[in-house]
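Trainee: This is start-v6.cif (mmCIF, C-alpha atoms).
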```cif
data_model
loop_
_atom_site.label_atom_id
_atom_site.label_comp_id
_atom_site.auth_asym_id
_atom_site.auth_seq_id
_atom_site.Cartn_x
_atom_site.Cartn_y
_atom_site.Cartn_z
CA MET A 94 6.23 141.84 161.18
CA GLY A 95 3.74 139.56 159.45
CA TYR A 96 2.79 139.87 155.80
CA VAL A 97 0.12 138.81 153.32
CA THR A 98 0.12 138.79 149.55
CA SER A 99 -0.89 142.05 147.90
CA LEU A 100 -3.36 140.00 145.85
CA PHE A 101 -5.70 139.87 148.86
CA ALA A 102 -5.61 143.64 149.27
CA ARG A 103 -6.34 144.23 145.60
CA LYS A 104 -9.20 141.73 145.57
CA ILE A 105 -10.97 143.13 148.60
CA VAL A 106 -10.71 146.72 147.33
CA ALA A 107 -12.10 145.60 143.97
CA ALA A 108 -14.97 143.79 145.72
CA ALA A 109 -15.78 146.92 147.73
CA GLY A 110 -16.70 148.64 144.45
CA GLY A 111 -17.15 152.30 143.65
CA ASP A 112 -18.25 153.32 147.14
CA VAL A 113 -14.63 153.49 148.27
CA ASP A 114 -11.65 155.32 146.78
CA ALA A 115 -9.66 152.35 145.48
CA ALA A 116 -6.44 154.31 144.90
CA ALA A 117 -6.52 155.82 148.38
CA MET A 118 -7.20 152.45 150.01
CA LEU A 119 -4.42 150.68 148.12
CA ALA A 120 -2.04 153.50 148.98
CA THR A 121 -2.46 152.69 152.68
CA VAL A 122 -0.74 149.33 152.06
CA GLY A 123 1.85 150.76 149.66
CA ILE A 124 0.23 149.81 146.34
CA THR A 125 -0.75 152.01 143.40
CA PRO A 126 -3.50 150.94 140.97
CA ASP A 127 -0.99 150.87 138.08
CA ASP A 128 1.30 148.38 139.82
CA PRO A 129 1.25 144.92 138.18
CA TRP A 130 -0.80 142.27 139.94
CA ASN A 131 1.79 140.03 141.56
CA ALA A 132 0.85 137.45 144.19
CA GLY A 133 4.51 137.36 145.23
CA ARG A 134 4.49 140.99 146.34
CA MET A 135 3.75 141.23 150.06
CA VAL A 136 2.16 143.89 152.25
CA SER A 137 2.12 144.32 156.01
CA ALA A 138 -0.67 142.29 157.62
CA GLU A 139 -1.34 145.04 160.16
CA ARG A 140 -1.66 147.67 157.42
CA TYR A 141 -3.94 145.28 155.55
CA TYR A 142 -6.21 144.96 158.62
CA ASP A 143 -6.15 148.76 158.98
CA MET A 144 -7.29 149.09 155.37
CA LEU A 145 -10.18 146.65 155.91
CA GLU A 146 -11.33 148.66 158.91
CA LYS A 147 -11.21 151.88 156.88
CA ILE A 148 -13.42 150.21 154.27
CA ALA A 149 -15.81 149.11 157.04
CA ASP A 150 -16.12 152.76 158.12
CA GLN A 151 -17.45 153.62 154.66
CA ILE A 152 -19.64 150.68 153.56
CA ASP A 153 -21.60 147.73 154.93
CA VAL A 154 -19.05 144.90 154.95
CA THR A 155 -21.38 142.05 155.93
CA ASP A 156 -20.95 140.22 152.63
CA LEU A 157 -17.68 141.85 151.51
CA PRO A 158 -15.56 138.83 152.53
CA LEU A 159 -17.89 136.57 150.54
CA ARG A 160 -17.59 138.69 147.41
CA THR A 161 -13.83 138.88 147.84
CA GLY A 162 -13.28 135.16 148.37
CA ALA A 163 -15.62 134.27 145.53
CA SER A 164 -13.54 136.40 143.16
CA MET A 165 -10.29 134.50 143.80
CA ARG A 166 -9.01 132.45 140.85
CA LEU A 167 -6.45 129.66 140.96
CA ASP A 168 -4.49 131.11 138.05
CA GLU A 169 -3.76 134.18 140.19
CA TYR A 170 -1.87 132.11 142.79
CA GLY A 171 1.04 131.30 140.48
CA ALA A 172 2.71 127.89 140.87
CA LEU A 173 0.70 127.17 144.01
CA GLY A 174 -2.57 127.63 142.13
CA LEU A 175 -1.36 125.30 139.40
CA ALA A 176 -0.29 122.72 141.99
CA PHE A 177 -3.72 122.94 143.64
CA LYS A 178 -5.34 122.36 140.25
CA ALA A 179 -3.02 119.51 139.25
CA ALA A 180 -3.39 117.55 142.51
CA THR A 181 -5.34 114.35 141.95
CA THR A 182 -8.00 114.89 144.64
CA LEU A 183 -9.40 117.81 146.58
CA GLY A 184 -7.77 116.45 149.73
CA ALA A 185 -4.41 116.48 147.98
CA SER A 186 -5.08 120.03 146.77
CA TYR A 187 -5.69 121.23 150.31
CA ALA A 188 -2.54 119.42 151.44
CA ARG A 189 -0.64 121.70 149.04
CA VAL A 190 -2.14 124.74 150.76
CA GLU A 191 -1.27 123.33 154.19
CA ARG A 192 2.36 122.84 153.15
CA TYR A 193 3.04 125.90 150.99
CA ALA A 194 0.85 128.69 152.41
CA ARG A 195 3.99 130.51 153.57
CA LEU A 196 4.47 131.54 149.94
CA TRP A 197 1.68 134.11 150.26
CA THR A 198 1.40 134.80 153.99
CA SER A 199 3.41 134.61 157.18
CA VAL A 200 0.45 135.17 159.50
CA VAL A 201 -1.78 132.22 158.56
CA GLU A 202 -1.13 128.52 158.82
CA TYR A 203 -3.43 125.74 157.68
CA GLU A 204 -4.06 122.32 159.14
CA LEU A 205 -5.90 119.28 157.83
CA ARG A 206 -7.33 117.51 160.88
CA PRO A 207 -9.21 114.21 160.43
CA GLU A 208 -12.47 113.99 162.35
CA ALA A 209 -15.27 111.43 162.43
CA GLY A 210 -16.75 111.25 158.92
CA GLY A 211 -14.45 113.81 157.36
CA THR A 212 -11.67 116.37 157.78
CA LEU A 213 -11.41 119.91 159.10
CA PHE A 214 -9.43 122.37 156.99
CA ILE A 215 -8.38 124.75 159.76
CA LEU A 216 -7.15 128.32 159.51
CA HIS A 217 -4.73 129.27 162.31
CA ARG A 218 -4.03 132.98 162.77
CA GLU A 219 -2.47 134.45 165.90
CA GLY A 220 -3.16 137.93 167.25
CA GLU A 221 -5.93 140.22 168.41
CA ARG A 222 -9.19 139.36 166.68
CA ARG A 223 -9.80 142.91 165.55
CA LEU A 224 -12.36 143.70 162.86
CA GLY A 225 -9.76 143.67 160.07
CA MET A 226 -8.59 140.20 161.04
CA ARG A 227 -12.16 138.92 161.32
CA LEU A 228 -13.00 140.16 157.84
CA SER A 229 -9.78 138.68 156.50
CA ASN A 230 -10.55 135.29 158.09
CA GLU A 231 -14.01 135.19 156.51
CA ALA A 232 -12.55 136.08 153.11
CA THR A 233 -9.90 133.38 153.50
CA LEU A 234 -12.46 130.69 154.33
CA THR A 235 -14.55 131.82 151.38
CA SER A 236 -11.60 131.73 148.99
CA ALA A 237 -10.72 128.21 150.18
CA VAL A 238 -14.15 127.00 149.08
CA SER A 239 -14.10 129.09 145.91
CA ILE A 240 -10.88 127.50 144.62
CA ALA A 241 -12.16 124.04 145.60
CA ARG A 242 -15.21 124.60 143.41
CA GLN A 243 -12.90 125.46 140.52
CA VAL A 244 -11.40 121.94 140.54
CA SER A 245 -14.50 119.95 141.45
CA PRO A 246 -16.31 118.01 138.69
CA VAL A 247 -19.64 118.41 140.53
CA PRO A 248 -21.27 121.20 142.58
CA LEU A 249 -19.45 121.40 145.90
CA ALA A 250 -20.55 122.44 149.40
CA PRO A 251 -18.89 121.78 152.76
CA VAL A 252 -20.72 120.00 155.55
CA GLU A 253 -20.24 123.01 157.84
CA VAL A 254 -18.19 126.20 158.13
CA LEU A 255 -16.91 127.27 161.55
CA VAL A 256 -15.98 130.87 162.43
CA ARG A 257 -14.49 131.87 165.77
CA HIS A 258 -15.76 135.43 166.01
CA PRO A 259 -19.39 136.49 166.66
CA ALA A 260 -21.89 136.54 163.82
CA PRO A 261 -22.79 139.69 161.87
CA ARG A 262 -26.35 140.99 161.99
CA SER A 263 -27.39 138.44 159.38
CA ILE A 264 -25.70 135.23 158.21
CA THR A 265 -28.14 134.54 155.39
CA ALA A 266 -25.65 135.59 152.73
CA HIS A 267 -22.98 133.36 154.28
CA GLU A 268 -25.15 130.25 154.36
CA ASP A 269 -26.48 130.91 150.87
CA TRP A 270 -22.97 131.21 149.45
CA PHE A 271 -21.39 128.26 151.28
CA GLY A 272 -24.49 126.09 150.79
CA CYS A 273 -24.25 124.73 154.35
CA PRO A 274 -24.66 125.81 157.98
CA VAL A 275 -22.18 128.49 159.10
CA ARG A 276 -21.55 128.43 162.85
CA PHE A 277 -20.14 131.64 164.30
CA GLY A 278 -18.71 131.76 167.83
CA ALA A 279 -17.03 128.37 167.26
CA ASP A 280 -13.72 127.20 168.72
CA LEU A 281 -12.03 127.18 165.31
CA ASP A 282 -11.95 128.94 161.97
CA ALA A 283 -12.43 125.93 159.72
CA ILE A 284 -14.26 124.19 156.89
CA PHE A 285 -15.52 120.66 157.46
CA TYR A 286 -15.66 118.34 154.44
CA ASP A 287 -16.89 114.76 154.30
CA ASN A 288 -14.49 112.05 153.21
CA GLU A 289 -16.22 111.49 149.88
CA THR A 290 -15.79 115.11 148.84
CA LEU A 291 -12.08 115.18 149.67
CA ALA A 292 -11.44 111.89 147.87
CA ARG A 293 -13.22 112.97 144.67
CA PRO A 294 -10.85 113.29 141.66
CA ASN A 295 -10.14 116.81 140.47
CA ILE A 296 -11.08 117.85 136.95
CA LEU A 297 -7.49 118.41 135.80
CA GLY A 298 -5.64 116.26 138.33
CA ASP A 299 -2.34 114.90 136.99
CA GLU A 300 0.15 113.14 139.26
CA GLY A 301 3.15 113.80 137.03
CA ILE A 302 2.48 117.53 136.68
CA SER A 303 1.68 117.74 140.38
CA LYS A 304 5.07 116.28 141.35
CA TYR A 305 6.85 118.67 139.01
CA LEU A 306 5.05 121.68 140.47
CA THR A 307 5.68 120.66 144.08
CA LYS A 308 9.41 120.52 143.33
CA HIS A 309 9.15 124.09 142.05
CA LEU A 310 7.26 125.11 145.19
CA ASP A 311 9.85 123.45 147.40
CA ALA A 312 12.49 125.59 145.70
CA GLU A 313 10.42 128.73 146.26
CA MET A 314 9.96 127.83 149.90
CA ALA A 315 13.70 127.34 150.31
CA GLU A 316 14.29 130.87 149.06
CA ILE A 317 11.99 132.51 151.61
CA THR A 318 12.64 130.34 154.64
CA GLN A 319 16.24 131.16 155.47
CA GLU A 320 15.71 130.84 159.18
CA PRO A 321 16.80 133.57 161.62
CA ALA A 322 19.11 132.44 164.40
CA LEU A 323 16.35 132.45 167.02
CA VAL A 324 14.09 130.20 164.95
CA SER A 325 16.94 127.80 164.22
CA GLN A 326 17.94 127.69 167.90
CA ALA A 327 14.33 127.12 168.95
CA LYS A 328 13.95 124.21 166.53
CA THR A 329 17.12 122.62 167.91
CA ALA A 330 15.84 123.00 171.49
CA ILE A 331 12.45 121.57 170.54
CA ALA A 332 14.03 118.57 168.79
CA GLN A 333 16.14 117.84 171.87
CA ALA A 334 13.09 118.04 174.15
CA LEU A 335 10.71 115.93 172.06
CA SER A 336 11.79 112.56 173.45
CA GLU A 337 10.17 113.61 176.74
CA GLY A 338 6.87 114.49 175.07
CA ALA A 339 5.47 117.61 173.47
CA PRO A 340 7.57 120.52 174.79
CA LYS A 341 6.05 123.56 176.50
CA MET A 342 6.80 127.03 175.19
CA ALA A 343 7.92 128.31 178.61
CA GLU A 344 10.46 125.51 178.91
CA ILE A 345 11.93 126.11 175.47
CA ALA A 346 12.04 129.87 176.10
CA ARG A 347 13.87 129.27 179.39
CA SER A 348 16.44 127.06 177.65
CA LEU A 349 17.14 129.98 175.27
CA GLY A 350 17.44 132.50 178.10
CA LEU A 351 14.13 134.23 177.32
CA SER A 352 10.82 134.77 179.06
CA ALA A 353 7.82 133.09 177.46
CA ARG A 354 6.41 136.52 176.56
CA SER A 355 9.62 137.66 174.83
CA PHE A 356 9.98 134.33 173.06
CA HIS A 357 6.41 134.51 171.71
CA ARG A 358 6.90 138.11 170.56
CA ARG A 359 10.18 137.40 168.79
CA LEU A 360 8.80 134.36 167.01
CA SER A 361 5.83 136.47 165.88
CA GLU A 362 8.24 139.02 164.42
CA HIS A 363 9.53 136.24 162.16
CA GLY A 364 6.01 135.20 161.13
CA VAL A 365 5.88 131.94 163.12
CA ASN A 366 4.31 130.69 166.34
CA PHE A 367 5.41 128.04 168.80
CA GLN A 368 2.75 125.52 167.79
CA SER A 369 3.70 125.66 164.10
CA LEU A 370 7.42 125.56 164.93
CA THR A 371 6.95 122.44 167.04
CA GLU A 372 4.92 120.79 164.28
CA GLU A 373 7.52 121.68 161.67
CA THR A 374 10.35 120.36 163.88
CA ARG A 375 8.50 117.09 164.47
CA ARG A 376 7.96 116.62 160.77
CA ASP A 377 11.55 117.43 159.80
CA LEU A 378 12.90 115.15 162.53
CA ALA A 379 10.56 112.32 161.55
CA GLU A 380 11.54 112.53 157.87
CA GLY A 381 15.22 112.50 158.80
CA LEU A 382 14.89 109.54 161.17
CA LEU A 383 12.92 107.54 158.61
CA ARG A 384 15.92 107.74 156.29
CA ASP A 385 17.93 105.84 158.92
CA GLU A 386 16.70 102.25 158.99
CA SER A 387 18.38 101.57 162.31
CA HIS A 388 15.41 103.29 163.99
CA SER A 389 12.13 101.40 164.26
CA LEU A 390 8.84 103.22 163.72
CA ALA A 391 8.10 102.91 167.44
CA GLU A 392 11.45 104.56 168.27
CA ILE A 393 10.80 107.38 165.82
CA ALA A 394 7.37 107.96 167.34
CA PHE A 395 9.03 108.26 170.76
CA LEU A 396 11.81 110.54 169.53
CA THR A 397 9.31 112.90 167.90
CA GLY A 398 7.24 113.27 171.07
CA PHE A 399 4.34 110.86 170.50
CA SER A 400 3.21 108.55 173.29
CA GLU A 401 1.81 106.02 170.81
CA GLN A 402 2.92 104.89 167.37
CA SER A 403 -0.66 105.18 166.09
CA ALA A 404 -0.72 108.90 166.95
CA PHE A 405 2.59 109.37 165.12
CA THR A 406 1.24 107.55 162.07
CA ARG A 407 -1.87 109.77 161.94
CA ALA A 408 0.18 112.94 162.28
CA PHE A 409 2.73 111.86 159.66
CA LYS A 410 -0.01 110.97 157.19
CA ARG A 411 -1.52 114.43 157.72
CA TRP A 412 1.87 116.07 157.10
CA VAL A 413 3.01 114.07 154.08
CA GLY A 414 -0.06 112.27 152.75
CA THR A 415 1.29 108.78 153.38
CA THR A 416 2.15 106.56 156.35
CA PRO A 417 5.68 106.44 157.84
CA ALA A 418 6.07 102.83 156.65
CA SER A 419 5.12 103.75 153.07
CA TYR A 420 7.34 106.82 153.15
CA ARG A 421 10.33 104.69 154.25
CA LYS A 422 9.55 102.07 151.62
CA ASP A 423 9.41 104.73 148.90
CA LEU A 424 12.83 106.01 149.99
CA THR A 425 14.39 102.60 149.38
CA HIS A 426 13.10 102.57 145.78
CA ARG A 427 14.44 105.97 144.79
#
```
Using the file provided, produce a representation of the structure as structure tokens.
Mentor:
Amino acid sequence: MGYVTSLFARKIVAAAGGDVDAAAMLATVGITPDDPWNAGRMVSAERYYDMLEKIADQIDVTDLPLRTGASMRLDEYGALGLAFKAATTLGASYARVERYARLWTSVVEYELRPEAGGTLFILHREGERRLGMRLSNEATLTSAVSIARQVSPVPLAPVEVLVRHPAPRSITAHEDWFGCPVRFGADLDAIFYDNETLARPNILGDEGISKYLTKHLDAEMAEITQEPALVSQAKTAIAQALSEGAPKMAEIARSLGLSARSFHRRLSEHGVNFQSLTEETRRDLAEGLLRDESHSLAEIAFLTGFSEQSAFTRAFKRWVGTTPASYRKDLTHR
């Protein structure tokens, strides 16, 4: 079963205001108002979506995700919030979210995807796009911009915000808050930033502190990512299949003695999907192969399922923030 941090549930109930019974709403996800606010405490994602839909039965929720996301503060995210703040640029801050989001959710993954003139910060969430999920996605996109504004030395607005589900009756509040066009019915849930914005130095960016905090986050990740047998077996099968190109889910499922449907369901129970598992396996394999200087960069690209070395280089830079050649060079100086 997927989970999200209880912080999201508390924030959205607070944003709903006095028109809903806060205690009753929080009780539906197993929280009492007197419980300490702890971003590390998790609640069921499905119960969270149920709660959002109960709120929608009682009040107009058109701008509720905006008010919720706008209320998020970096200091409430623990070490991850500090790492976001200490990163040297906004692009580096978002790279922290992409890498460590599992610390506060198992149902959302983030991707930084370079596009012409900028980069998409993409929210990936599997499952039925029920009302609760749609509201949660809007709040997540809003919070991603809210925390970016907290580290920016100048007023910040994206170039465009993309939302997969249909628009509410009015999107005026959305475009006013984001300060840019908001396109509903898009192919992605994403925020598009220009290159200049992502390269701008953060107010409190500090490379030394950032490295210290990422080590702490790596340790936290290690504690929560003890992989179930199925996930470990799937990663092994994916790694073995990569030299023949990007593997298909049905083929990997068959190699494990499962139907594609059962494989997808069982991965979902562990909070992962096939796309993210393949990406993670590629990254882990690439980092391991780069430590062995007997493999050329072209060979590593082939072994990790890329048809061209340039595609491998782009993907690796998105994963790690540096090129494979620079990563290997840094290893030799450690």
Trainee: Using all atoms listed in the file, which protein or nucleic acid residues come within 10 Å of Leu228 of chain A? Drop anything in the same chain fewer than 5 positions from it, and give the result as a short mmCIF file (atom, residue, chain, number, x, y, z; two decimals) with C-alpha atoms, in the coordinates of the input.
Mentor:
```cif
data_model
loop_
_atom_site.label_atom_id
_atom_site.label_comp_id
_atom_site.auth_asym_id
_atom_site.auth_seq_id
_atom_site.Cartn_x
_atom_site.Cartn_y
_atom_site.Cartn_z
CA ILE A 105 -10.97 143.13 148.60
CA TYR A 142 -6.21 144.96 158.62
CA LEU A 145 -10.18 146.65 155.91
CA GLU A 146 -11.33 148.66 158.91
CA ALA A 149 -15.81 149.11 157.04
CA VAL A 154 -19.05 144.90 154.95
CA THR A 155 -21.38 142.05 155.93
CA ASP A 156 -20.95 140.22 152.63
CA LEU A 157 -17.68 141.85 151.51
CA PRO A 158 -15.56 138.83 152.53
CA LEU A 159 -17.89 136.57 150.54
CA ARG A 222 -9.19 139.36 166.68
CA ARG A 223 -9.80 142.91 165.55
CA THR A 233 -9.90 133.38 153.50
CA HIS A 258 -15.76 135.43 166.01
#
```
Trainee: Here's the selection I'm unsure about, the PyMOL selection byres ((chain A and resi 135) around 9); applied to the file above, which residues does it give, as a list in words?
Mentor: Tyr96, Val97, Thr98, Ser99, Leu100, Asn131, Ala132, Gly133, Arg134, Val136, Ser137, Ala138, Trp197 and Thr198 of chain A
Trainee: Taking 4 positions as the minimum chain separation for residues in the same chain, which residues sit within 12 Å of Val247 of chain A when counting all atoms listed in the file? Answer as an mmCIF file with C-alpha atoms, keeping the file's coordinate frame.
Mentor:
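Ended up saving to part24.cif:
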```cif
data_model
loop_
_atom_site.group_PDB
_atom_site.id
_atom_site.type_symbol
_atom_site.label_atom_id
_atom_site.label_comp_id
_atom_site.auth_asym_id
_atom_site.auth_seq_id
_atom_site.Cartn_x
_atom_site.Cartn_y
_atom_site.Cartn_z
ATOM 1 C CA LEU A 183 -9.400 117.810 146.580
ATOM 2 C CA ALA A 241 -12.160 124.040 145.600
ATOM 3 C CA ARG A 242 -15.210 124.600 143.410
ATOM 4 C CA GLN A 243 -12.900 125.460 140.520
ATOM 5 C CA THR A 290 -15.790 115.110 148.840
ATOM 6 C CA ARG A 293 -13.220 112.970 144.670
ATOM 7 C CA PRO A 294 -10.850 113.290 141.660
ATOM 8 C CA ASN A 295 -10.140 116.810 140.470
ATOM 9 C CA ILE A 296 -11.080 117.850 136.950
#
```
Trainee: Would you kindly translate the PyMOL selection byres ((chain A and resi 417) around 9) into the concrete residues it picks from this file, as an MDAnalysis selection string?
Mentor: chainID A and resid 379:380 383 390 405:406 409:410 413 415:416 418:422
Trainee: What residues have an atom no more than 9 Å from (-13.2, 115.5, 149.1) in the file's own frame, counting all atoms listed in the file, and can you write them as JSON, numbers by chain?
Mentor: {"A": [182, 183, 184, 185, 211, 212, 245, 286, 287, 288, 289, 290, 291, 292, 293, 294]}
Trainee: Once N, CA and C atoms are restored for segment 327-361 of chain A, what would the output be as an mmCIF file, keeping the file's coordinate frame?
Mentor:
```cif
data_model
loop_
_atom_site.group_PDB
_atom_site.id
_atom_site.type_symbol
_atom_site.label_atom_id
_atom_site.label_comp_id
_atom_site.auth_asym_id
_atom_site.auth_seq_id
_atom_site.Cartn_x
_atom_site.Cartn_y
_atom_site.Cartn_z
ATOM 1 N N ALA A 327 15.559 127.651 168.341
ATOM 2 C CA ALA A 327 14.330 127.120 168.950
ATOM 3 C C ALA A 327 14.029 125.730 168.410
ATOM 4 N N LYS A 328 14.207 125.526 167.102
ATOM 5 C CA LYS A 328 13.950 124.210 166.530
ATOM 6 C C LYS A 328 14.900 123.156 167.105
ATOM 7 N N THR A 329 16.153 123.547 167.312
ATOM 8 C CA THR A 329 17.120 122.620 167.910
ATOM 9 C C THR A 329 16.692 122.249 169.327
ATOM 10 N N ALA A 330 16.274 123.254 170.105
ATOM 11 C CA ALA A 330 15.840 123.000 171.490
ATOM 12 C C ALA A 330 14.588 122.138 171.524
ATOM 13 N N ILE A 331 13.673 122.381 170.603
ATOM 14 C CA ILE A 331 12.450 121.570 170.540
ATOM 15 C C ILE A 331 12.792 120.127 170.201
ATOM 16 N N ALA A 332 13.653 119.926 169.205
ATOM 17 C CA ALA A 332 14.030 118.570 168.790
ATOM 18 C C ALA A 332 14.658 117.806 169.954
ATOM 19 N N GLN A 333 15.493 118.497 170.738
ATOM 20 C CA GLN A 333 16.140 117.840 171.870
ATOM 21 C C GLN A 333 15.149 117.488 172.974
ATOM 22 N N ALA A 334 14.068 118.259 173.074
ATOM 23 C CA ALA A 334 13.090 118.040 174.150
ATOM 24 C C ALA A 334 11.994 117.054 173.783
ATOM 25 N N LEU A 335 11.855 116.722 172.506
ATOM 26 C CA LEU A 335 10.710 115.930 172.060
ATOM 27 C C LEU A 335 10.661 114.525 172.641
ATOM 28 N N SER A 336 11.800 113.931 172.940
ATOM 29 C CA SER A 336 11.790 112.560 173.450
ATOM 30 C C SER A 336 11.109 112.458 174.818
ATOM 31 N N GLU A 337 10.878 113.609 175.459
ATOM 32 C CA GLU A 337 10.170 113.610 176.740
ATOM 33 C C GLU A 337 8.728 114.075 176.587
ATOM 34 N N GLY A 338 8.245 114.069 175.339
ATOM 35 C CA GLY A 338 6.870 114.490 175.070
ATOM 36 C C GLY A 338 6.832 115.852 174.414
ATOM 37 N N ALA A 339 5.620 116.307 174.114
ATOM 38 C CA ALA A 339 5.470 117.610 173.470
ATOM 39 C C ALA A 339 6.005 118.709 174.385
ATOM 40 N N PRO A 340 6.971 119.504 173.923
ATOM 41 C CA PRO A 340 7.570 120.520 174.790
ATOM 42 C C PRO A 340 6.634 121.700 175.036
ATOM 43 N N LYS A 341 6.828 122.362 176.162
ATOM 44 C CA LYS A 341 6.050 123.560 176.500
ATOM 45 C C LYS A 341 6.852 124.799 176.109
ATOM 46 N N MET A 342 6.138 125.823 175.662
ATOM 47 C CA MET A 342 6.800 127.030 175.190
ATOM 48 C C MET A 342 7.664 127.647 176.279
ATOM 49 N N ALA A 343 7.170 127.683 177.514
ATOM 50 C CA ALA A 343 7.920 128.310 178.610
ATOM 51 C C ALA A 343 9.241 127.595 178.840
ATOM 52 N N GLU A 344 9.240 126.276 178.691
ATOM 53 C CA GLU A 344 10.460 125.510 178.910
ATOM 54 C C GLU A 344 11.493 125.777 177.811
ATOM 55 N N ILE A 345 11.019 125.828 176.578
ATOM 56 C CA ILE A 345 11.930 126.110 175.470
ATOM 57 C C ILE A 345 12.467 127.537 175.585
ATOM 58 N N ALA A 346 11.603 128.483 175.926
ATOM 59 C CA ALA A 346 12.040 129.870 176.100
ATOM 60 C C ALA A 346 13.114 129.954 177.178
ATOM 61 N N ARG A 347 12.908 129.251 178.286
ATOM 62 C CA ARG A 347 13.870 129.270 179.390
ATOM 63 C C ARG A 347 15.228 128.720 178.945
ATOM 64 N N SER A 348 15.187 127.654 178.111
ATOM 65 C CA SER A 348 16.440 127.060 177.650
ATOM 66 C C SER A 348 17.211 128.011 176.732
ATOM 67 N N LEU A 349 16.510 128.986 176.149
ATOM 68 C CA LEU A 349 17.140 129.980 175.270
ATOM 69 C C LEU A 349 17.439 131.277 175.999
ATOM 70 N N GLY A 350 17.158 131.303 177.301
ATOM 71 C CA GLY A 350 17.440 132.500 178.100
ATOM 72 C C GLY A 350 16.425 133.608 177.913
ATOM 73 N N LEU A 351 15.183 133.245 177.567
ATOM 74 C CA LEU A 351 14.130 134.230 177.320
ATOM 75 C C LEU A 351 12.917 133.958 178.197
ATOM 76 N N SER A 352 12.123 134.983 178.442
ATOM 77 C CA SER A 352 10.820 134.770 179.060
ATOM 78 C C SER A 352 9.871 134.250 177.995
ATOM 79 N N ALA A 353 8.799 133.603 178.419
ATOM 80 C CA ALA A 353 7.820 133.090 177.460
ATOM 81 C C ALA A 353 7.234 134.229 176.631
ATOM 82 N N ARG A 354 6.993 135.372 177.270
ATOM 83 C CA ARG A 354 6.410 136.520 176.560
ATOM 84 C C ARG A 354 7.360 137.020 175.471
ATOM 85 N N SER A 355 8.645 137.169 175.819
ATOM 86 C CA SER A 355 9.620 137.660 174.830
ATOM 87 C C SER A 355 9.804 136.653 173.700
ATOM 88 N N PHE A 356 9.827 135.378 174.056
ATOM 89 C CA PHE A 356 9.980 134.330 173.060
ATOM 90 C C PHE A 356 8.821 134.365 172.065
ATOM 91 N N HIS A 357 7.594 134.458 172.579
ATOM 92 C CA HIS A 357 6.410 134.510 171.710
ATOM 93 C C HIS A 357 6.476 135.735 170.799
ATOM 94 N N ARG A 358 6.858 136.883 171.359
ATOM 95 C CA ARG A 358 6.900 138.110 170.560
ATOM 96 C C ARG A 358 7.947 138.004 169.465
ATOM 97 N N ARG A 359 9.118 137.475 169.785
ATOM 98 C CA ARG A 359 10.180 137.400 168.790
ATOM 99 C C ARG A 359 9.877 136.380 167.696
ATOM 100 N N LEU A 360 9.226 135.297 168.055
ATOM 101 C CA LEU A 360 8.800 134.360 167.010
ATOM 102 C C LEU A 360 7.779 135.017 166.088
ATOM 103 N N SER A 361 6.850 135.785 166.689
ATOM 104 C CA SER A 361 5.830 136.470 165.880
ATOM 105 C C SER A 361 6.449 137.442 164.903
#
```
